[in-house]
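Quick look at start11.txt (compact mmCIF, C-alpha atoms):
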```
# COMPACT_ATOMS: atom_id res chain seq x y z
CA MET A 1 -9.50 10.97 9.82
CA TRP A 2 -7.33 14.11 9.34
CA LYS A 3 -4.63 12.59 11.56
CA ARG A 4 -4.56 9.36 9.50
CA ALA A 5 -4.45 11.27 6.18
CA SER A 6 -1.58 13.47 7.39
CA SER A 7 0.29 10.36 8.68
CA ALA A 8 -0.15 8.69 5.27
CA ALA A 9 1.08 11.86 3.50
CA PHE A 10 4.13 12.00 5.81
CA VAL A 11 4.95 8.33 5.10
CA VAL A 12 4.64 8.86 1.31
CA PHE A 13 6.87 11.94 1.54
CA LEU A 14 9.52 10.11 3.60
CA VAL A 15 9.59 7.02 1.35
CA GLY A 16 9.72 9.29 -1.73
CA ALA A 17 12.58 11.30 -0.21
CA ALA A 18 14.48 8.06 0.55
CA ALA A 19 14.05 6.95 -3.08
CA TYR A 20 15.24 10.36 -4.31
CA ALA A 21 18.31 10.15 -2.04
CA SER A 22 19.15 6.62 -3.20
CA PHE A 23 18.94 7.64 -6.89
CA TYR A 24 20.41 11.17 -6.83
CA ILE A 25 22.46 11.67 -3.65
CA ALA A 26 24.19 8.31 -3.10
CA PRO A 27 27.31 7.90 -5.28
CA ASP A 28 27.74 5.02 -7.77
CA GLU A 29 29.37 1.84 -6.52
CA LYS A 30 32.59 0.86 -8.36
CA THR A 31 31.68 -2.73 -9.41
CA MET A 32 27.88 -2.75 -9.75
CA HIS A 33 27.46 0.96 -10.66
CA VAL A 34 23.76 1.94 -10.76
CA LEU A 35 22.49 -1.61 -10.02
CA TYR A 36 23.62 -1.50 -6.37
CA ARG A 37 20.95 1.19 -5.70
CA ILE A 38 18.46 -1.66 -5.15
CA PHE A 39 20.40 -2.14 -1.88
CA TYR A 40 18.75 0.97 -0.33
CA PHE A 41 15.29 -0.53 -0.86
CA HIS A 42 16.08 -4.25 -0.43
CA ALA A 43 18.20 -4.03 2.75
CA ALA A 44 16.05 -1.29 4.37
CA ALA A 45 12.90 -3.39 3.78
CA ALA A 46 14.69 -6.40 5.31
CA TRP A 47 15.61 -4.40 8.44
CA ALA A 48 12.05 -3.10 8.84
CA GLY A 49 10.64 -6.63 8.34
CA MET A 50 12.98 -8.01 11.03
CA THR A 51 11.91 -5.22 13.41
CA ALA A 52 8.23 -6.10 12.78
CA PHE A 53 8.94 -9.77 13.58
CA SER A 54 10.86 -8.72 16.71
CA ILE A 55 7.86 -6.68 17.93
CA CYS A 56 5.64 -9.69 17.05
CA PHE A 57 7.89 -11.91 19.21
CA VAL A 58 7.71 -9.54 22.21
CA ALA A 59 3.91 -9.22 21.80
CA ASN A 60 3.59 -13.04 21.68
CA LEU A 61 5.64 -13.39 24.87
CA LEU A 62 3.50 -10.73 26.56
CA TYR A 63 0.31 -12.49 25.45
CA VAL A 64 1.48 -15.80 26.92
CA TRP A 65 2.38 -14.01 30.16
CA ARG A 66 -0.57 -11.59 30.53
CA ARG A 67 -3.30 -13.20 28.32
CA ASP A 68 -4.38 -9.71 27.20
CA GLU A 69 -5.91 -9.87 23.71
CA GLN A 70 -4.36 -6.50 22.77
CA TRP A 71 -0.96 -8.24 22.64
CA ASP A 72 -2.43 -10.88 20.33
CA SER A 73 -3.79 -8.10 18.06
CA LEU A 74 -0.37 -6.43 17.98
CA ALA A 75 1.37 -9.75 17.27
CA VAL A 76 -0.81 -10.65 14.28
CA SER A 77 -0.56 -7.08 12.92
CA CYS A 78 3.25 -7.17 13.09
CA ALA A 79 3.37 -10.68 11.60
CA GLU A 80 1.30 -9.65 8.58
CA VAL A 81 3.22 -6.40 8.01
CA GLY A 82 6.57 -8.19 8.51
CA LEU A 83 5.47 -10.75 5.94
CA ALA A 84 4.72 -7.93 3.43
CA PHE A 85 8.24 -6.55 3.98
CA ILE A 86 9.91 -9.97 3.62
CA THR A 87 7.86 -10.57 0.45
CA VAL A 88 9.37 -7.35 -0.93
CA VAL A 89 12.84 -8.59 0.09
CA LEU A 90 12.26 -11.94 -1.65
CA ILE A 91 11.12 -10.16 -4.84
CA THR A 92 13.74 -7.39 -5.00
CA GLY A 93 16.60 -9.80 -4.12
CA PRO A 94 16.23 -11.95 -7.28
CA ILE A 95 15.75 -8.78 -9.42
CA TRP A 96 19.15 -7.64 -8.10
CA ALA A 97 20.70 -11.14 -8.26
CA LYS A 98 20.01 -11.84 -11.95
CA PRO A 99 22.22 -9.04 -13.40
CA ALA A 100 24.75 -9.27 -10.52
CA TRP A 101 25.18 -13.07 -10.18
CA GLY A 102 23.65 -14.29 -13.46
CA ILE A 103 20.96 -16.26 -11.57
CA TYR A 104 17.70 -15.29 -9.90
CA TRP A 105 17.97 -17.70 -6.99
CA THR A 106 20.33 -20.11 -5.26
CA TRP A 107 19.83 -22.12 -2.08
CA ASP A 108 22.52 -20.26 -0.14
CA ALA A 109 22.32 -19.82 3.65
CA ARG A 110 20.88 -16.27 3.71
CA LEU A 111 18.36 -16.81 0.90
CA THR A 112 17.17 -20.16 2.24
CA SER A 113 16.80 -18.95 5.85
CA THR A 114 14.84 -15.88 4.61
CA PHE A 115 12.55 -18.11 2.53
CA VAL A 116 12.02 -20.37 5.58
CA LEU A 117 11.20 -17.25 7.63
CA TRP A 118 8.57 -16.26 5.04
CA LEU A 119 7.08 -19.79 5.16
CA LEU A 120 7.03 -19.76 8.99
CA TYR A 121 5.03 -16.51 9.17
CA ILE A 122 2.68 -17.70 6.39
CA SER A 123 2.10 -20.77 8.62
CA TYR A 124 1.52 -18.49 11.62
CA LEU A 125 -1.25 -16.67 9.73
CA LEU A 126 -2.71 -19.94 8.38
CA LEU A 127 -2.78 -21.40 11.89
CA ARG A 128 -4.93 -18.47 13.02
CA THR A 129 -7.56 -19.30 10.39
CA LEU A 130 -7.77 -22.94 11.58
CA VAL A 131 -8.72 -22.27 15.24
CA GLU A 132 -12.11 -20.64 15.84
CA GLU A 133 -12.14 -20.17 19.62
CA PRO A 134 -10.41 -16.73 20.18
CA ASP A 135 -8.45 -17.53 23.39
CA ARG A 136 -7.20 -20.88 22.07
CA ARG A 137 -6.31 -19.27 18.72
CA ALA A 138 -4.36 -16.49 20.44
CA LEU A 139 -2.42 -18.89 22.70
CA LEU A 140 -1.57 -21.41 19.99
CA SER A 141 -0.47 -18.71 17.55
CA ALA A 142 1.56 -16.94 20.27
CA LEU A 143 3.42 -20.18 21.00
CA PHE A 144 3.99 -20.80 17.28
CA GLY A 145 5.08 -17.15 16.82
CA ILE A 146 7.70 -17.54 19.57
CA PHE A 147 9.00 -20.65 17.80
CA ALA A 148 8.98 -18.92 14.36
CA PHE A 149 11.14 -16.07 15.69
CA ILE A 150 14.05 -18.52 16.16
CA ASP A 151 14.75 -18.05 12.42
CA VAL A 152 15.26 -14.25 12.72
CA PRO A 153 18.74 -14.49 14.38
CA ILE A 154 19.59 -17.29 11.90
CA VAL A 155 18.78 -14.93 8.97
CA PHE A 156 20.91 -12.22 10.65
CA GLY A 157 23.83 -14.58 11.28
CA ALA A 158 23.67 -16.53 8.00
CA ILE A 159 26.02 -14.16 6.12
CA ARG A 160 28.35 -13.97 9.12
CA TRP A 161 28.57 -17.70 9.98
CA TRP A 162 28.57 -19.23 6.48
CA ARG A 163 30.26 -17.69 3.43
CA THR A 164 28.03 -18.69 0.52
CA GLN A 165 26.58 -16.72 -2.45
CA HIS A 166 25.03 -13.70 -0.66
CA PRO A 167 27.51 -10.80 -0.12
CA ALA A 168 29.14 -10.39 3.30
CA PRO A 169 27.55 -7.78 5.61
CA VAL A 170 28.60 -4.15 5.05
CA ILE A 171 27.08 -3.01 8.37
CA MET A 172 28.02 -4.74 11.68
CA GLY A 173 30.17 -7.03 9.56
CA GLY A 174 33.56 -6.75 11.26
CA PRO A 175 36.83 -4.88 10.55
CA ASN A 176 36.78 -5.09 6.71
CA SER A 177 33.16 -4.04 6.30
CA GLY A 178 31.70 -0.55 6.05
CA LEU A 179 30.07 1.98 3.72
CA ASP A 180 31.17 5.25 2.16
CA PRO A 181 29.91 8.07 4.51
CA THR A 182 27.36 9.39 1.93
CA MET A 183 26.15 5.86 1.19
CA ALA A 184 25.79 5.22 4.94
CA LYS A 185 23.73 8.41 5.43
CA VAL A 186 21.41 7.50 2.53
CA PHE A 187 21.12 3.92 3.77
CA PHE A 188 20.19 4.90 7.33
CA PHE A 189 17.68 7.45 6.00
CA SER A 190 16.14 4.64 3.87
CA VAL A 191 16.02 2.40 6.96
CA LEU A 192 14.24 5.19 8.87
CA ALA A 193 11.72 5.69 6.03
CA MET A 194 10.99 1.94 5.86
CA HIS A 195 10.52 1.80 9.65
CA VAL A 196 8.07 4.73 9.55
CA LEU A 197 6.17 2.92 6.76
CA MET A 198 6.20 -0.28 8.84
CA VAL A 199 4.83 1.52 11.95
CA PHE A 200 2.10 3.16 9.82
CA LEU A 201 1.05 -0.20 8.32
CA VAL A 202 1.10 -1.90 11.75
CA ALA A 203 -1.13 0.87 13.15
CA GLU A 204 -3.60 0.43 10.27
CA ARG A 205 -3.58 -3.37 10.63
CA TYR A 206 -3.94 -3.11 14.44
CA ARG A 207 -7.04 -0.93 13.97
CA LEU A 208 -8.52 -3.67 11.77
CA GLU A 209 -7.77 -6.36 14.36
CA ARG A 210 -9.40 -4.37 17.18
CA LEU A 211 -12.48 -3.90 14.98
CA ARG A 212 -12.58 -7.67 14.44
CA THR A 213 -12.48 -8.21 18.22
CA ASP A 214 -15.37 -5.72 18.67
CA LEU A 215 -17.33 -7.54 15.98
CA GLU A 216 -16.82 -10.91 17.71
CA LEU A 217 -18.14 -9.41 20.98
CA VAL A 218 -21.25 -7.96 19.27
CA ARG A 219 -21.83 -11.30 17.47
CA ARG A 220 -21.71 -13.17 20.79
CA GLU A 221 -24.13 -10.63 22.25
CA ALA A 222 -26.47 -11.11 19.27
CA GLU A 223 -26.32 -14.92 19.60
CA ALA A 224 -27.11 -14.71 23.32
CA ILE A 225 -30.36 -12.81 22.68
CA MET B 226 20.82 0.50 -19.18
CA LYS B 227 19.58 -2.98 -18.36
CA SER B 228 20.78 -2.40 -14.77
CA LEU B 229 18.68 0.74 -14.50
CA ASP B 230 15.64 -1.27 -15.66
CA SER B 231 16.27 -3.75 -12.84
CA VAL B 232 16.54 -0.92 -10.29
CA PHE B 233 13.25 0.63 -11.47
CA ALA B 234 11.55 -2.79 -11.55
CA ALA B 235 12.64 -3.51 -7.96
CA TYR B 236 11.40 -0.14 -6.65
CA ILE B 237 8.09 -0.24 -8.57
CA ILE B 238 7.25 -3.84 -7.62
CA GLY B 239 8.26 -3.18 -4.00
CA TRP B 240 6.03 -0.10 -3.72
CA ALA B 241 3.20 -1.99 -5.47
CA VAL B 242 3.37 -4.77 -2.83
CA PHE B 243 3.09 -2.21 0.00
CA PHE B 244 0.29 -0.33 -1.76
CA VAL B 245 -1.73 -3.50 -2.45
CA PHE B 246 -1.21 -4.59 1.17
CA TYR B 247 -2.47 -1.20 2.41
CA LEU B 248 -5.50 -1.45 0.08
CA THR B 249 -6.41 -4.93 1.37
CA VAL B 250 -6.19 -3.69 4.98
CA ALA B 251 -8.37 -0.64 4.14
CA LYS B 252 -10.90 -2.83 2.32
CA ARG B 253 -11.11 -5.38 5.15
CA THR B 254 -11.48 -2.54 7.70
CA SER B 255 -14.29 -0.93 5.74
CA SER B 256 -16.24 -4.21 5.30
CA LEU B 257 -15.81 -5.08 9.02
CA ARG B 258 -17.01 -1.59 9.99
CA GLU B 259 -20.10 -2.00 7.79
CA GLU B 260 -20.85 -5.41 9.32
CA LEU B 261 -20.40 -4.05 12.84
CA GLU B 262 -22.80 -1.16 12.15
CA ARG B 263 -25.34 -3.57 10.62
CA LEU B 264 -25.16 -5.93 13.62
CA LYS B 265 -25.43 -3.05 16.09
CA SER B 266 -28.53 -1.65 14.37
CA THR B 267 -30.10 -5.16 14.27
CA LEU B 268 -29.39 -5.52 18.00
CA ASN B 269 -30.88 -2.10 18.76
CA LYS B 270 -34.06 -2.95 16.80
CA GLY B 271 -34.40 -6.21 18.74
CA LYS B 272 -34.20 -4.43 22.15
```
Can you turn what I pasted into C-alpha cells?
Amino acid sequence: MWKRASSAAFVVFLVGAAAYASFYIAPDEKTMHVLYRIFYFHAAAAWAGMTAFSICFVANLLYVWRRDEQWDSLAVSCAEVGLAFITVVLITGPIWAKPAWGIYWTWDARLTSTFVLWLLYISYLLLRTLVEEPDRRALLSALFGIFAFIDVPIVFGAIRWWRTQHPAPVIMGGPNSGLDPTMAKVFFFSVLAMHVLMVFLVAERYRLERLRTDLELVRREAEAI
Amino acid sequence: MKSLDSVFAAYIIGWAVFFVFYLTVAKRTSSLREELERLKSTLNKGK
C-alpha cells in the first residue's frame, strides 16, 4: 500500500513538474506564442499512447506464441491505458486547432488515422466483452490487437508521407525540422513524465486484470462444488 | 488571453481524463476484491 501511494505521489510530482516546465521554463514560440504550450501535453500524451499500443502489440504476439494468460492481461491493460492517452490527444488536438487553424477538426491524414486508431482499440475492448470463454477471448483479441497495431506506423508516418493540415514533424522530421534546445529539453521531460504516468496506470490496470483472473478461477471452483 | 484559456482548458481536461480513468480502475479493483473475498468465504463455509 505504501509503495503504491509513494508511486502515485511520484507520478503526480513528475507530471506537475512537466506542466510547470512547459508554462514557465519553455520560451514562447514566435507564431503561436503561448498557445503552442499545448504541444508539451498533446504530443507527449501521443508518444506515451503509442508506446502503450506497442507494448500491447508485443504482449499480443507473445500470447499467440506462448498462450500464457499474463500476456493477455498485459495486452488488455496497455490497450485500455493507450486508449485513455489517445482520447486525451483527440481532445487536446481540437482545443489547439480551433485558435490555430480556425477549425476544431478536419479529415486530414494524421487526424483521421488517429481517430481510426481510437476506433480500432475501442473495438478491441468491445470484442473482449463479446466472448465469454477466457482462452478463446484471449486468442481472438490478441489476433485483433495485432491487426489493430498496423495503424500505429500509419499514424507515425501520416505527417511525413502526406502534407495535409497537421503540422510537419519537429522531431525525427528531416533536415528542416528541430526544436530550440530549451524547448527540446522541456518536451523530452514531458515525454518522460507521460511515460511514467502510463507505466503507473498500466500497473494499476494489470493488477485489476489479475484479480479478475483469480475471481474467474474461484467462480469455477465454486460451480464445481 | 483567449489562447491562454485554450492552454488551460487542454491541460485541465487532459488531467481530468487521466484522473477519471484512474478512479474507474480503482473502483473496479475494489468491487472485484470484495466479490473475491465474498466468494472465498462462501467456499470456506461450504467445505
Please return, as a PDB file with C-alpha atoms, in the frame of the given file, all residues of chain B lying within 6 Å of chain A when only C-alpha atoms are considered.
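So out17.pdb came out as:
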```
ATOM      1  CA  SER B 228      20.780  -2.400 -14.770  1.00  0.00           C
ATOM      2  CA  VAL B 232      16.540  -0.920 -10.290  1.00  0.00           C
ATOM      3  CA  ALA B 235      12.640  -3.510  -7.960  1.00  0.00           C
ATOM      4  CA  GLY B 239       8.260  -3.180  -4.000  1.00  0.00           C
ATOM      5  CA  THR B 254     -11.480  -2.540   7.700  1.00  0.00           C
ATOM      6  CA  LEU B 261     -20.400  -4.050  12.840  1.00  0.00           C
TER       7      LEU B 261
END
```
Please indicate the distance in Å from atom CA of A:Phe13 to atom CA of B:Arg258, rounded to one decimal place.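 Computing it gives 28.7 Å between the two atoms.
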Computed gap from atom CA of A:Ile150 to atom CA of A:Ile171 is 21.7 Å
Using all atoms listed in the file, what residues lie at most 12 Å away from (-1.2, 9.4, 6.3) (file coordinates), given as a PyMOL selection string? (chain A and resi 1-14+196-197+199-201+203-204) or (chain B and resi 247)
What does the structure give for the distance between atom CA of A:Tyr24 and atom CA of A:Trp47, in Å to one decimal?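 Computed distance, atom CA of A:Tyr24 to atom CA of A:Trp47, equals 22.3 Å.
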Contacts of A:Ser190 at 7 Å or less, counting all atoms listed in the file, minus same-chain residues fewer than 3 places along, as a list in words?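 The neighbour list is Ala18, Tyr40, Ala44, Val186, Phe187, Ala193 and Met194 of chain A.
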Can you pull out every residue within 10 Å of A:Gln70, counting all atoms listed in the file, but drop anything in the same chain fewer than 2 positions away, and send it as a ChimeraX atom specification? /A:59,62-63,67-68,72-75,206,209-210,213
Proximity to B:Tyr236 - best of A:Phe188, A:Tyr20, A:His166, A:Trp65, all atoms listed in the file: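 Of all the options, A:Tyr20 lies closest to B:Tyr236.
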Completion step: stretch 235-246 of chain B with all heavy atoms as a compact mmCIF listing (two decimals), in the frame of the given file:
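Contents of the output file result_10.txt:
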```txt
# COMPACT_ATOMS: atom_id res chain seq x y z
N ALA B 235 12.62 -3.17 -9.38
CA ALA B 235 12.64 -3.51 -7.96
C ALA B 235 11.86 -2.49 -7.14
O ALA B 235 11.04 -2.85 -6.28
CB ALA B 235 14.09 -3.58 -7.46
N TYR B 236 12.09 -1.19 -7.41
CA TYR B 236 11.40 -0.14 -6.65
C TYR B 236 9.89 -0.17 -6.93
O TYR B 236 9.08 -0.07 -6.01
CB TYR B 236 11.97 1.24 -6.99
CG TYR B 236 13.17 1.61 -6.14
CD1 TYR B 236 14.43 1.06 -6.40
CD2 TYR B 236 13.07 2.49 -5.08
CE1 TYR B 236 15.53 1.38 -5.64
CE2 TYR B 236 14.18 2.82 -4.30
CZ TYR B 236 15.41 2.27 -4.59
OH TYR B 236 16.49 2.58 -3.81
N ILE B 237 9.52 -0.29 -8.21
CA ILE B 237 8.09 -0.24 -8.57
C ILE B 237 7.34 -1.45 -7.99
O ILE B 237 6.27 -1.30 -7.39
CB ILE B 237 7.91 -0.10 -10.10
CG1 ILE B 237 8.34 1.31 -10.52
CG2 ILE B 237 6.46 -0.36 -10.52
CD1 ILE B 237 8.51 1.50 -12.01
N ILE B 238 7.93 -2.64 -8.15
CA ILE B 238 7.25 -3.84 -7.62
C ILE B 238 7.17 -3.77 -6.09
O ILE B 238 6.15 -4.09 -5.49
CB ILE B 238 7.95 -5.14 -8.10
CG1 ILE B 238 7.81 -5.28 -9.62
CG2 ILE B 238 7.37 -6.37 -7.41
CD1 ILE B 238 8.64 -6.39 -10.25
N GLY B 239 8.25 -3.31 -5.46
CA GLY B 239 8.26 -3.18 -4.00
C GLY B 239 7.17 -2.24 -3.52
O GLY B 239 6.39 -2.57 -2.61
N TRP B 240 7.07 -1.06 -4.11
CA TRP B 240 6.03 -0.10 -3.72
C TRP B 240 4.64 -0.67 -3.99
O TRP B 240 3.72 -0.46 -3.21
CB TRP B 240 6.21 1.22 -4.45
CG TRP B 240 7.30 2.08 -3.90
CD1 TRP B 240 7.71 2.14 -2.59
CD2 TRP B 240 8.12 3.01 -4.61
NE1 TRP B 240 8.75 3.04 -2.46
CE2 TRP B 240 9.02 3.59 -3.69
CE3 TRP B 240 8.21 3.38 -5.94
CZ2 TRP B 240 9.97 4.54 -4.04
CZ3 TRP B 240 9.15 4.34 -6.30
CH2 TRP B 240 10.01 4.91 -5.36
N ALA B 241 4.51 -1.40 -5.12
CA ALA B 241 3.20 -1.99 -5.47
C ALA B 241 2.77 -2.99 -4.39
O ALA B 241 1.59 -3.00 -4.01
CB ALA B 241 3.27 -2.67 -6.83
N VAL B 242 3.71 -3.79 -3.89
CA VAL B 242 3.37 -4.77 -2.83
C VAL B 242 2.84 -4.04 -1.60
O VAL B 242 1.80 -4.39 -1.04
CB VAL B 242 4.60 -5.65 -2.47
CG1 VAL B 242 4.33 -6.48 -1.21
CG2 VAL B 242 4.97 -6.57 -3.62
N PHE B 243 3.53 -2.96 -1.18
CA PHE B 243 3.09 -2.21 0.00
C PHE B 243 1.73 -1.56 -0.24
O PHE B 243 0.87 -1.55 0.64
CB PHE B 243 4.12 -1.12 0.37
CG PHE B 243 5.41 -1.68 0.90
CD1 PHE B 243 6.63 -1.24 0.41
CD2 PHE B 243 5.42 -2.65 1.90
CE1 PHE B 243 7.83 -1.76 0.89
CE2 PHE B 243 6.60 -3.18 2.39
CZ PHE B 243 7.81 -2.73 1.88
N PHE B 244 1.55 -1.02 -1.44
CA PHE B 244 0.29 -0.33 -1.76
C PHE B 244 -0.88 -1.31 -1.77
O PHE B 244 -1.93 -1.04 -1.18
CB PHE B 244 0.42 0.39 -3.12
CG PHE B 244 -0.76 1.25 -3.44
CD1 PHE B 244 -1.07 2.35 -2.66
CD2 PHE B 244 -1.58 0.94 -4.52
CE1 PHE B 244 -2.18 3.14 -2.95
CE2 PHE B 244 -2.68 1.72 -4.82
CZ PHE B 244 -2.99 2.83 -4.04
N VAL B 245 -0.67 -2.48 -2.40
CA VAL B 245 -1.73 -3.50 -2.45
C VAL B 245 -2.03 -3.99 -1.03
O VAL B 245 -3.20 -4.15 -0.66
CB VAL B 245 -1.33 -4.67 -3.39
CG1 VAL B 245 -2.27 -5.85 -3.24
CG2 VAL B 245 -1.32 -4.19 -4.84
N PHE B 246 -0.99 -4.17 -0.21
CA PHE B 246 -1.21 -4.59 1.17
C PHE B 246 -2.05 -3.55 1.91
O PHE B 246 -3.02 -3.90 2.60
CB PHE B 246 0.13 -4.81 1.89
CG PHE B 246 -0.03 -5.17 3.35
CD1 PHE B 246 -0.51 -6.42 3.71
CD2 PHE B 246 0.25 -4.24 4.34
CE1 PHE B 246 -0.69 -6.74 5.05
CE2 PHE B 246 0.06 -4.56 5.68
CZ PHE B 246 -0.40 -5.81 6.04
```
